[in-house]
file my_file_4.csv (CSV, C-alpha atoms)
chain,number,residue,atom,x,y,z
A,1,MET,CA,0.0,0.0,0.0
A,2,ARG,CA,1.3,3.4,-0.9
A,3,LYS,CA,0.0,6.8,-0.1
A,4,VAL,CA,1.3,10.2,-1.0
A,5,TYR,CA,0.6,13.5,0.9
A,6,LEU,CA,1.3,16.8,-0.8
A,7,ASP,CA,1.7,19.8,1.4
A,8,ALA,CA,-0.3,18.2,4.2
A,9,GLU,CA,-0.8,20.1,7.4
A,10,SER,CA,-1.7,17.4,9.9
A,11,VAL,CA,-1.8,13.6,9.4
A,12,ASP,CA,-2.8,11.4,12.3
A,13,LEU,CA,-3.0,7.7,11.5
A,14,THR,CA,-3.9,4.8,13.7
A,15,LEU,CA,-3.0,1.7,11.8
A,16,VAL,CA,-3.5,-2.0,12.5
A,17,PRO,CA,-1.1,-3.5,9.9
A,18,THR,CA,-2.5,-6.4,7.9
A,19,ARG,CA,-0.5,-6.0,4.7
A,20,PRO,CA,3.2,-6.9,4.4
A,21,GLU,CA,4.3,-3.5,3.2
A,22,TYR,CA,3.3,0.1,3.6
A,23,GLU,CA,4.8,3.2,2.1
A,24,TYR,CA,3.9,6.8,3.0
A,25,VAL,CA,5.4,9.7,1.1
A,26,PHE,CA,5.3,13.3,2.3
A,27,ILE,CA,6.2,16.0,-0.2
A,28,GLN,CA,6.3,19.3,1.6
A,29,THR,CA,7.0,22.4,-0.5
A,30,GLU,CA,5.5,25.0,1.9
A,31,GLY,CA,4.1,25.3,5.4
A,32,GLN,CA,4.4,22.9,8.3
A,33,CYS,CA,3.2,19.3,8.6
A,34,THR,CA,2.8,17.2,11.6
A,35,ALA,CA,2.5,13.5,11.0
A,36,LYS,CA,1.7,10.9,13.7
A,37,PHE,CA,1.6,7.2,13.1
A,38,ASP,CA,0.4,4.8,15.7
A,39,LEU,CA,0.9,1.2,14.7
A,40,THR,CA,-0.7,-1.5,16.8
A,41,PRO,CA,-0.4,-4.9,15.1
A,42,PHE,CA,-2.2,-8.2,15.9
A,43,ALA,CA,-0.3,-11.2,17.0
A,44,ASP,CA,1.9,-13.0,14.4
A,45,THR,CA,1.8,-10.1,12.0
A,46,LYS,CA,4.8,-9.4,9.7
A,47,PHE,CA,5.0,-6.0,8.1
A,48,LYS,CA,7.3,-3.2,7.0
A,49,ILE,CA,6.5,0.5,6.9
A,50,THR,CA,8.6,3.0,5.1
A,51,ILE,CA,8.0,6.8,5.5
A,52,TYR,CA,9.6,9.0,2.9
A,53,ILE,CA,9.8,12.7,3.6
A,54,TYR,CA,10.8,15.3,1.1
A,55,ALA,CA,10.9,19.0,2.2
A,56,GLU,CA,12.0,22.1,0.3
A,57,GLY,CA,12.0,25.9,0.7
A,58,THR,CA,11.3,26.9,4.3
A,59,SER,CA,8.8,24.1,4.9
A,60,SER,CA,9.0,21.7,7.9
A,61,VAL,CA,7.8,18.2,8.7
A,62,ASP,CA,7.6,16.7,12.2
A,63,CYS,CA,7.0,13.0,12.0
A,64,VAL,CA,6.7,10.4,14.8
A,65,CYS,CA,6.0,6.7,14.0
A,66,ARG,CA,5.2,4.7,17.1
A,67,LEU,CA,5.0,1.0,17.2
A,68,ASN,CA,2.9,-0.4,20.1
A,69,VAL,CA,3.1,-4.1,21.0
A,70,PRO,CA,1.2,-4.9,24.2
A,71,GLN,CA,2.2,-7.8,26.4
A,72,GLU,CA,-0.5,-10.1,25.1
A,73,VAL,CA,0.6,-9.7,21.5
A,74,SER,CA,3.4,-12.1,20.4
A,75,GLY,CA,5.0,-13.2,17.1
A,76,VAL,CA,5.1,-9.7,15.6
A,77,GLU,CA,7.9,-8.9,13.1
A,78,ALA,CA,8.0,-5.2,12.3
A,79,ASP,CA,10.3,-3.0,10.4
A,80,VAL,CA,9.9,0.8,10.7
A,81,GLN,CA,12.0,2.9,8.3
A,82,ILE,CA,12.0,6.7,7.8
A,83,ARG,CA,14.0,8.3,5.0
A,84,SER,CA,14.3,12.1,4.9
A,85,TRP,CA,15.4,14.5,2.2
A,86,PRO,CA,15.6,18.1,3.5
A,87,PHE,CA,16.5,20.6,0.8
A,88,ASP,CA,17.1,24.4,0.9
A,89,ARG,CA,16.2,25.7,4.4
A,90,SER,CA,13.6,23.2,5.2
A,91,LYS,CA,13.5,21.2,8.4
A,92,ILE,CA,12.6,17.6,9.1
A,93,ARG,CA,12.3,16.1,12.5
A,94,ALA,CA,11.5,12.4,12.3
A,95,ARG,CA,11.7,9.6,14.8
A,96,PRO,CA,10.6,6.0,15.1
A,97,GLU,CA,9.4,5.0,18.6
A,98,MET,CA,9.0,1.5,19.9
A,99,PHE,CA,6.9,0.5,22.9
A,100,ILE,CA,7.2,-3.3,23.1
A,101,ALA,CA,6.0,-5.2,26.1
A,102,ASN,CA,6.2,-8.7,24.7
A,103,SER,CA,9.6,-10.6,24.4
A,104,ASP,CA,8.5,-12.6,21.3
A,105,VAL,CA,8.8,-9.7,18.9
A,106,VAL,CA,11.3,-8.9,16.2
A,107,ALA,CA,11.4,-5.2,15.5
A,108,ALA,CA,13.8,-3.1,13.5
A,109,HIS,CA,13.9,0.6,12.9
A,110,GLY,CA,15.9,3.0,10.8
A,111,ASN,CA,16.0,6.8,10.4
A,112,ALA,CA,18.2,7.9,7.5
A,113,LEU,CA,19.0,11.2,5.8
A,114,GLY,CA,18.8,10.8,2.1
A,115,THR,CA,21.4,13.2,0.8
A,116,LEU,CA,23.3,12.7,-2.4
A,117,THR,CA,27.1,12.2,-2.2
A,118,PRO,CA,29.4,14.3,-4.4
A,119,GLU,CA,30.0,11.1,-6.4
A,120,GLN,CA,26.2,10.6,-7.0
A,121,GLN,CA,25.8,14.3,-7.9
A,122,TYR,CA,28.6,14.1,-10.3
A,123,TYR,CA,27.1,11.0,-11.9
A,124,LEU,CA,23.8,12.7,-12.4
A,125,ALA,CA,25.6,15.7,-13.9
A,126,THR,CA,27.3,13.4,-16.4
A,127,ARG,CA,23.7,12.6,-17.6
A,128,GLY,CA,22.9,16.3,-17.9
A,129,ILE,CA,21.0,16.6,-14.6
A,130,ALA,CA,21.8,19.5,-12.4
A,131,ASP,CA,18.5,19.8,-10.5
A,132,TYR,CA,18.6,16.5,-8.6
A,133,LYS,CA,16.1,17.9,-6.1
A,134,GLN,CA,13.5,17.7,-8.7
A,135,LEU,CA,14.6,14.2,-9.6
A,136,ILE,CA,14.2,13.0,-6.0
A,137,LYS,CA,10.8,14.6,-5.8
A,138,GLU,CA,9.6,13.0,-9.0
A,139,SER,CA,11.0,9.7,-7.9
A,140,LEU,CA,9.1,9.8,-4.7
A,141,LEU,CA,5.9,10.9,-6.5
A,142,ASN,CA,6.1,8.3,-9.3
A,143,ALA,CA,7.8,5.3,-7.7
B,144,MET,CA,41.9,3.9,-27.6
B,145,ILE,CA,43.8,4.7,-24.4
B,146,THR,CA,46.0,2.2,-22.8
B,147,GLY,CA,48.5,2.3,-19.9
B,148,GLN,CA,49.3,0.8,-16.6
B,149,ASN,CA,47.0,0.9,-13.6
B,150,GLY,CA,47.2,4.4,-12.1
B,151,SER,CA,48.6,6.0,-15.3
B,152,GLY,CA,45.6,8.3,-15.6
B,153,LYS,CA,43.4,6.7,-18.2
B,154,SER,CA,40.2,7.2,-16.3
B,155,THR,CA,41.3,10.6,-15.0
B,156,LEU,CA,41.7,11.7,-18.7
B,157,LEU,CA,38.1,10.7,-19.4
B,158,HIS,CA,36.8,12.5,-16.3
B,159,ALA,CA,38.8,15.6,-17.2
B,160,VAL,CA,37.1,15.7,-20.6
B,161,MET,CA,33.8,15.2,-18.8
B,162,GLY,CA,34.7,18.1,-16.5
B,163,ARG,CA,34.8,16.4,-13.1
B,164,PRO,CA,35.3,19.3,-10.7
B,165,ASP,CA,38.0,17.8,-8.5
B,166,ILE,CA,40.4,17.3,-11.5
B,167,ALA,CA,42.5,20.3,-12.2
B,168,VAL,CA,43.2,20.8,-15.9
B,169,THR,CA,46.0,22.8,-17.5
B,170,GLY,CA,45.8,23.4,-21.2
B,171,SER,CA,42.6,23.3,-23.1
B,172,ILE,CA,39.7,21.0,-24.0
B,173,GLU,CA,37.8,21.9,-27.1
B,174,LEU,CA,34.6,20.5,-28.6
B,175,ASN,CA,34.1,21.4,-32.2
B,176,GLY,CA,36.8,24.0,-31.9
B,177,VAL,CA,35.2,25.8,-28.9
B,178,SER,CA,36.8,25.6,-25.5
B,179,ILE,CA,34.6,23.8,-22.9
B,180,ILE,CA,37.0,24.3,-20.1
B,181,ASP,CA,34.6,26.6,-18.2
B,182,ILE,CA,31.5,24.6,-18.9
B,183,PRO,CA,30.0,22.6,-16.1
B,184,VAL,CA,29.6,18.8,-16.3
B,185,HIS,CA,25.8,18.8,-16.9
B,186,GLU,CA,26.2,21.3,-19.8
B,187,ARG,CA,29.0,19.2,-21.4
B,188,SER,CA,26.7,16.2,-21.2
B,189,GLN,CA,23.9,18.3,-22.8
B,190,GLN,CA,26.4,19.2,-25.6
B,191,GLY,CA,26.8,15.6,-26.4
B,192,ILE,CA,29.6,14.2,-24.2
B,193,PHE,CA,28.6,10.9,-22.7
B,194,LEU,CA,30.7,9.1,-20.1
B,195,ALA,CA,30.0,5.4,-19.4
B,196,HIS,CA,31.4,5.1,-15.9
B,197,GLN,CA,33.8,2.4,-14.8
B,198,ALA,CA,32.1,2.1,-11.4
B,199,PRO,CA,28.7,3.8,-11.6
B,200,PRO,CA,27.1,4.4,-8.2
B,201,ALA,CA,23.8,3.3,-6.8
B,202,ILE,CA,21.4,6.1,-6.0
B,203,ASP,CA,19.0,5.2,-3.3
B,204,GLY,CA,15.8,7.2,-3.6
B,205,VAL,CA,16.0,7.7,-7.4
B,206,ASN,CA,13.8,5.5,-9.4
B,207,THR,CA,15.4,4.2,-12.7
B,208,MET,CA,12.4,5.1,-14.9
B,209,THR,CA,12.2,8.6,-13.4
B,210,LEU,CA,15.9,9.1,-14.1
B,211,PHE,CA,15.4,8.1,-17.7
B,212,LYS,CA,12.4,10.6,-17.9
B,213,GLU,CA,14.7,13.3,-16.5
B,214,ILE,CA,17.5,12.4,-19.0
B,215,GLN,CA,14.9,12.6,-21.8
B,216,LYS,CA,13.9,16.0,-20.6
B,217,VAL,CA,17.3,17.6,-20.1
B,218,GLN,CA,18.8,16.0,-23.3
B,219,ASN,CA,15.7,17.0,-25.4
B,220,VAL,CA,15.1,13.5,-26.6
B,221,ALA,CA,11.8,13.4,-28.5
B,222,GLY,CA,9.0,11.0,-27.5
B,223,THR,CA,6.0,10.6,-25.1
B,224,THR,CA,6.3,9.1,-21.7
B,225,GLY,CA,4.6,5.9,-23.1
B,226,GLU,CA,7.2,5.7,-25.8
B,227,LEU,CA,10.0,6.2,-23.3
B,228,ILE,CA,8.8,3.4,-21.1
B,229,LYS,CA,8.5,1.1,-24.2
B,230,THR,CA,12.0,2.1,-25.4
B,231,THR,CA,13.7,1.7,-22.0
B,232,LYS,CA,12.0,-1.7,-21.3
B,233,ALA,CA,13.2,-2.9,-24.7
B,234,LEU,CA,16.7,-1.6,-24.1
B,235,PHE,CA,17.0,-3.3,-20.7
B,236,ASN,CA,15.7,-6.5,-22.2
B,237,TRP,CA,18.1,-6.3,-25.2
B,238,ILE,CA,21.1,-5.6,-22.9
B,239,GLY,CA,20.1,-8.5,-20.6
B,240,LEU,CA,18.9,-6.7,-17.5
B,241,PRO,CA,16.3,-8.4,-15.3
B,242,GLU,CA,12.6,-8.0,-15.8
B,243,GLY,CA,11.2,-5.0,-13.9
B,244,TRP,CA,14.6,-3.2,-13.9
B,245,GLU,CA,12.9,0.1,-14.7
B,246,LYS,CA,11.0,0.0,-11.4
B,247,ARG,CA,14.0,-0.4,-9.2
B,248,GLN,CA,15.9,2.3,-7.4
B,249,PHE,CA,18.9,3.2,-9.5
B,250,ASN,CA,21.5,0.5,-9.4
B,251,ASN,CA,20.2,-0.5,-5.9
B,252,GLY,CA,21.4,-4.1,-5.2
B,253,ALA,CA,22.8,-4.3,-8.7
B,254,SER,CA,26.0,-6.3,-9.4
B,255,GLY,CA,29.0,-4.7,-11.1
B,256,GLY,CA,28.0,-6.3,-14.5
B,257,GLU,CA,24.4,-5.1,-14.2
B,258,ARG,CA,25.6,-1.6,-13.5
B,259,LYS,CA,27.8,-1.8,-16.6
B,260,LYS,CA,24.8,-2.9,-18.7
B,261,ASN,CA,22.8,0.0,-17.3
B,262,GLU,CA,25.6,2.3,-18.6
B,263,LEU,CA,25.4,0.7,-22.0
B,264,ALA,CA,21.6,1.0,-22.0
B,265,GLN,CA,21.9,4.7,-21.3
B,266,ALA,CA,24.7,5.2,-23.9
B,267,THR,CA,22.5,3.4,-26.5
B,268,TYR,CA,19.5,5.6,-25.5
B,269,LEU,CA,21.5,8.7,-26.1
B,270,GLN,CA,23.6,7.5,-29.0
B,271,GLY,CA,21.8,9.7,-31.6
B,272,LYS,CA,22.9,12.8,-29.6
B,273,THR,CA,26.4,11.8,-28.6
B,274,GLN,CA,29.3,13.5,-30.2
B,275,VAL,CA,32.0,12.3,-27.8
B,276,LEU,CA,31.6,8.8,-26.3
B,277,LEU,CA,33.9,8.2,-23.3
B,278,LEU,CA,34.0,4.5,-22.4
B,279,ASP,CA,35.8,3.6,-19.2
B,280,GLU,CA,36.5,-0.1,-19.3
B,281,PRO,CA,33.0,-0.8,-20.6
B,282,ASP,CA,33.7,-4.5,-20.9
B,283,SER,CA,34.9,-5.3,-17.4
B,284,GLY,CA,32.5,-7.6,-15.5
B,285,LEU,CA,30.4,-8.3,-18.6
B,286,GLU,CA,29.9,-11.6,-20.4
B,287,GLN,CA,31.4,-12.1,-23.8
B,288,SER,CA,28.1,-11.6,-25.6
B,289,SER,CA,28.0,-8.0,-24.5
B,290,ARG,CA,31.2,-7.1,-26.3
B,291,GLN,CA,29.5,-7.0,-29.6
B,292,LYS,CA,27.0,-4.4,-28.2
B,293,ILE,CA,30.0,-2.2,-27.2
B,294,ILE,CA,31.5,-2.6,-30.7
B,295,ASP,CA,28.1,-1.7,-32.3
B,296,LEU,CA,28.0,1.4,-30.1
B,297,ILE,CA,31.5,2.5,-31.0
B,298,GLU,CA,30.9,1.9,-34.8
B,299,GLU,CA,27.6,3.7,-34.8
B,300,THR,CA,29.3,6.7,-33.1
B,301,LYS,CA,32.2,6.6,-35.6
B,302,ASN,CA,29.7,6.4,-38.5
B,303,ARG,CA,28.1,9.7,-37.3
B,304,ASN,CA,31.6,11.3,-37.3
B,305,GLY,CA,31.6,11.2,-33.5
B,306,CYS,CA,34.6,10.7,-31.4
B,307,VAL,CA,35.2,7.7,-29.1
B,308,LEU,CA,37.7,7.5,-26.3
B,309,LEU,CA,38.0,3.9,-25.1
B,310,VAL,CA,39.8,2.7,-22.1
B,311,THR,CA,39.9,-1.1,-22.0
B,312,HIS,CA,42.0,-4.1,-21.0
B,313,ASP,CA,40.1,-6.4,-23.3
B,314,LEU,CA,42.6,-7.8,-25.8
B,315,GLU,CA,40.1,-8.3,-28.6
B,316,LEU,CA,39.0,-4.6,-28.4
B,317,GLN,CA,42.6,-3.5,-28.1
B,318,GLN,CA,43.5,-5.4,-31.3
B,319,ARG,CA,40.4,-4.1,-33.1
B,320,TYR,CA,41.1,-0.4,-32.3
B,321,SER,CA,44.9,-0.5,-32.1
B,322,GLY,CA,45.2,1.9,-35.1
B,323,ASN,CA,44.5,5.0,-32.9
B,324,GLN,CA,46.2,4.2,-29.6
B,325,LEU,CA,47.3,6.6,-26.9
B,326,ASP,CA,49.6,4.9,-24.4
B,327,LEU,CA,49.8,6.8,-21.1
B,328,THR,CA,53.0,6.3,-19.2
B,329,ARG,CA,53.0,6.4,-15.5
B,330,ALA,CA,53.5,10.0,-14.2
call {"tool": "encode", "arguments": {"input": "my_file_4.csv", "output": "structure tokens"}}
result
Amino acid sequence: MRKVYLDAESVDLTLVPTRPEYEYVFIQTEGQCTAKFDLTPFADTKFKITIYIYAEGTSSVDCVCRLNVPQEVSGVEADVQIRSWPFDRSKIRARPEMFIANSDVVAAHGNALGTLTPEQQYYLATRGIADYKQLIKESLLNA
Amino acid sequence: MITGQNGSGKSTLLHAVMGRPDIAVTGSIELNGVSIIDIPVHERSQQGIFLAHQAPPAIDGVNTMTLFKEIQKVQNVAGTTGELIKTTKALFNWIGLPEGWEKRQFNNGASGGERKKNELAQATYLQGKTQVLLLDEPDSGLEQSSRQKIIDLIEETKNRNGCVLLVTHDLELQQRYSGNQLDLTRA
């Protein structure tokens, strides 16, 4: 499942994951966005959620993705990943949170900044591309 | 064709022609009699210089098809999005890249050979616009059958009066193009 938010202001999602994979994309070109994810899986659920955040200009995104596994829920395998691309003077605050009360749970999380290395920028330039910001935005929109 | 020992500067020469910012150049580099020394890399590319990299990077977050769309736009290649998708799928199939390659993030999880094939696919896509084709060990990591595709690419560029600078350790390619050889000695 994939969902794209363009210049959202407030997103508050309570999710009981039943699918193996979820992707949420935030494209923020102006204003402020607050995104809250609350994930409460059933027992024996395996899922991955990836949140992509692109921000440009002076926009900002504040994102929290919380995984709740109560004591009575076992066998959960969860992977929570956040990838952020802050451009210009934008700000992105993103964090995955895990509240796990059962010991029979496999949970992974990641929070990465998606900047391009000088080598990658040079590569794109050798293809004639100078505006890689636009490329990242298009990639997230059209993936 | 450019030959020389490891570290003699073969790849550096190609990157200097491409305009890599961290390579200091003394002297001049001209394209069609006009100096390009002050022209940035992306503009050299748009003027028809194509570099097939020896070790192309993976770019996480950049979708392969979207990259081709952007290349089509900045290089002014004619065609609708539908035509582009058809063309690139056919190219990837012809070069031997796996099904669904266009949907993947650029070179993500790709082997060295697949990355080389991706370079050849891009070179073939832009061959009608390429004046100077820079090939940095295009054959390394590729199976024998891909060599003919490299030869076709070189011949096609030559037939359009384009220029090809080839760096290779492949004996067959070296023999084939031994007539115009620049041997770089270690500095």
call {"tool": "closest_residue", "arguments": {"input": "my_file_4.csv", "among": "A:Ala107, A:Ile49, A:Glu97, A:Val25", "to": "chain B", "atoms": "all atoms listed in the file"}}
result
A:Val25
call {"tool": "interface_residues", "arguments": {"input": "my_file_4.csv", "of": "chain A", "to": "chain B", "cutoff": "10 Å", "atoms": "only C-alpha atoms", "output": "compact mmCIF listing (two decimals) with C-alpha atoms, keeping the file's coordinate frame"}}
result
# COMPACT_ATOMS: atom_id res chain seq x y z
CA TYR A 52 9.60 9.00 2.90
CA ARG A 83 14.00 8.30 5.00
CA SER A 84 14.30 12.10 4.90
CA TRP A 85 15.40 14.50 2.20
CA GLY A 114 18.80 10.80 2.10
CA THR A 115 21.40 13.20 0.80
CA LEU A 116 23.30 12.70 -2.40
CA THR A 117 27.10 12.20 -2.20
CA PRO A 118 29.40 14.30 -4.40
CA GLU A 119 30.00 11.10 -6.40
CA GLN A 120 26.20 10.60 -7.00
CA GLN A 121 25.80 14.30 -7.90
CA TYR A 122 28.60 14.10 -10.30
CA TYR A 123 27.10 11.00 -11.90
CA LEU A 124 23.80 12.70 -12.40
CA ALA A 125 25.60 15.70 -13.90
CA THR A 126 27.30 13.40 -16.40
CA ARG A 127 23.70 12.60 -17.60
CA GLY A 128 22.90 16.30 -17.90
CA ILE A 129 21.00 16.60 -14.60
CA ALA A 130 21.80 19.50 -12.40
CA ASP A 131 18.50 19.80 -10.50
CA TYR A 132 18.60 16.50 -8.60
CA GLN A 134 13.50 17.70 -8.70
CA LEU A 135 14.60 14.20 -9.60
CA ILE A 136 14.20 13.00 -6.00
CA LYS A 137 10.80 14.60 -5.80
CA GLU A 138 9.60 13.00 -9.00
CA SER A 139 11.00 9.70 -7.90
CA LEU A 140 9.10 9.80 -4.70
CA LEU A 141 5.90 10.90 -6.50
CA ASN A 142 6.10 8.30 -9.30
CA ALA A 143 7.80 5.30 -7.70
call {"tool": "residues_around", "arguments": {"input": "my_file_4.csv", "residues": "A:Gln81", "least_positions_apart": "3", "cutoff": "6 Å", "atoms": "all atoms listed in the file", "output": "PyMOL selection string"}}
result
chain A and resi 50+109-111
call {"tool": "closest_residue", "arguments": {"input": "my_file_4.csv", "among": "B:Ile293, B:Ala198, B:Leu316, B:Ala221", "to": "B:Lys259", "atoms": "all atoms listed in the file"}}
result
B:Ala198
call {"tool": "atom_distance", "arguments": {"input": "my_file_4.csv", "atom1": "atom CA of B:Gly239", "atom2": "atom CA of B:Glu299"}}
result
20.2 Å
call {"tool": "atom_distance", "arguments": {"input": "my_file_4.csv", "atom1": "atom CA of B:Ser154", "atom2": "atom CA of B:Asp279"}}
result
6.4 Å
call {"tool": "atom_distance", "arguments": {"input": "my_file_4.csv", "atom1": "atom CA of A:Ala78", "atom2": "atom CA of B:Asn251"}}
result
22.4 Å
call {"tool": "residues_around", "arguments": {"input": "my_file_4.csv", "residues": "A:Val61", "least_positions_apart": "4", "cutoff": "9 Å", "atoms": "all atoms listed in the file", "output": "PyMOL selection string"}}
result
chain A and resi 9+26+28+31-35+53-55+90-94
call {"tool": "closest_residue", "arguments": {"input": "my_file_4.csv", "among": "B:Leu285, B:His312, B:Asn323, B:Trp237", "to": "B:Gly147", "atoms": "only C-alpha atoms"}}
result
B:His312
call {"tool": "closest_residue", "arguments": {"input": "my_file_4.csv", "among": "B:Leu327, B:Ile182, B:Leu278, B:Ile297", "to": "B:Val310", "atoms": "all atoms listed in the file"}}
result
B:Leu278
call {"tool": "closest_residue", "arguments": {"input": "my_file_4.csv", "among": "B:Leu234, B:Leu277, B:Leu227, B:Leu263", "to": "B:Leu308", "atoms": "all atoms listed in the file"}}
result
B:Leu277
call {"tool": "residues_near_point", "arguments": {"input": "my_file_4.csv", "point": "(3.7, 25.5, 0.4)", "cutoff": "9 Å", "atoms": "all atoms listed in the file", "output": "NGL selection string"}}
result
:A and (7 or 28-32 or 56-59)
call {"tool": "residues_around", "arguments": {"input": "my_file_4.csv", "residues": "A:Asp38", "least_positions_apart": "5", "cutoff": "7 Å", "atoms": "all atoms listed in the file", "output": "list in words"}}
result
Leu13, Thr14, Leu15, Cys65, Arg66 and Leu67 of chain A
call {"tool": "write_last_selection", "arguments": {"input": "my_file_4.csv", "atoms": "C-alpha atoms", "output": "PDB file, in the frame of the given file"}}
result
ATOM      1  CA  LEU A  13      -3.000   7.700  11.500  1.00  0.00           C
ATOM      2  CA  THR A  14      -3.900   4.800  13.700  1.00  0.00           C
ATOM      3  CA  LEU A  15      -3.000   1.700  11.800  1.00  0.00           C
ATOM      4  CA  CYS A  65       6.000   6.700  14.000  1.00  0.00           C
ATOM      5  CA  ARG A  66       5.200   4.700  17.100  1.00  0.00           C
ATOM      6  CA  LEU A  67       5.000   1.000  17.200  1.00  0.00           C
TER       7      LEU A  67
END
call {"tool": "residues_around", "arguments": {"input": "my_file_4.csv", "residues": "B:Arg303", "least_positions_apart": "5", "cutoff": "12 Å", "atoms": "all atoms listed in the file", "output": "MDAnalysis selection string"}}
result
chainID B and resid 270:276 296:298
call {"tool": "residues_around", "arguments": {"input": "my_file_4.csv", "residues": "A:Val16", "least_positions_apart": "2", "cutoff": "8 Å", "atoms": "all atoms listed in the file", "output": "number ranges by chain"}}
result
A: 14, 18, 39-42
call {"tool": "closest_residue", "arguments": {"input": "my_file_4.csv", "among": "B:Gly170, B:Leu240, B:Arg290, B:Ile180", "to": "B:Ala253", "atoms": "only C-alpha atoms"}}
result
B:Leu240
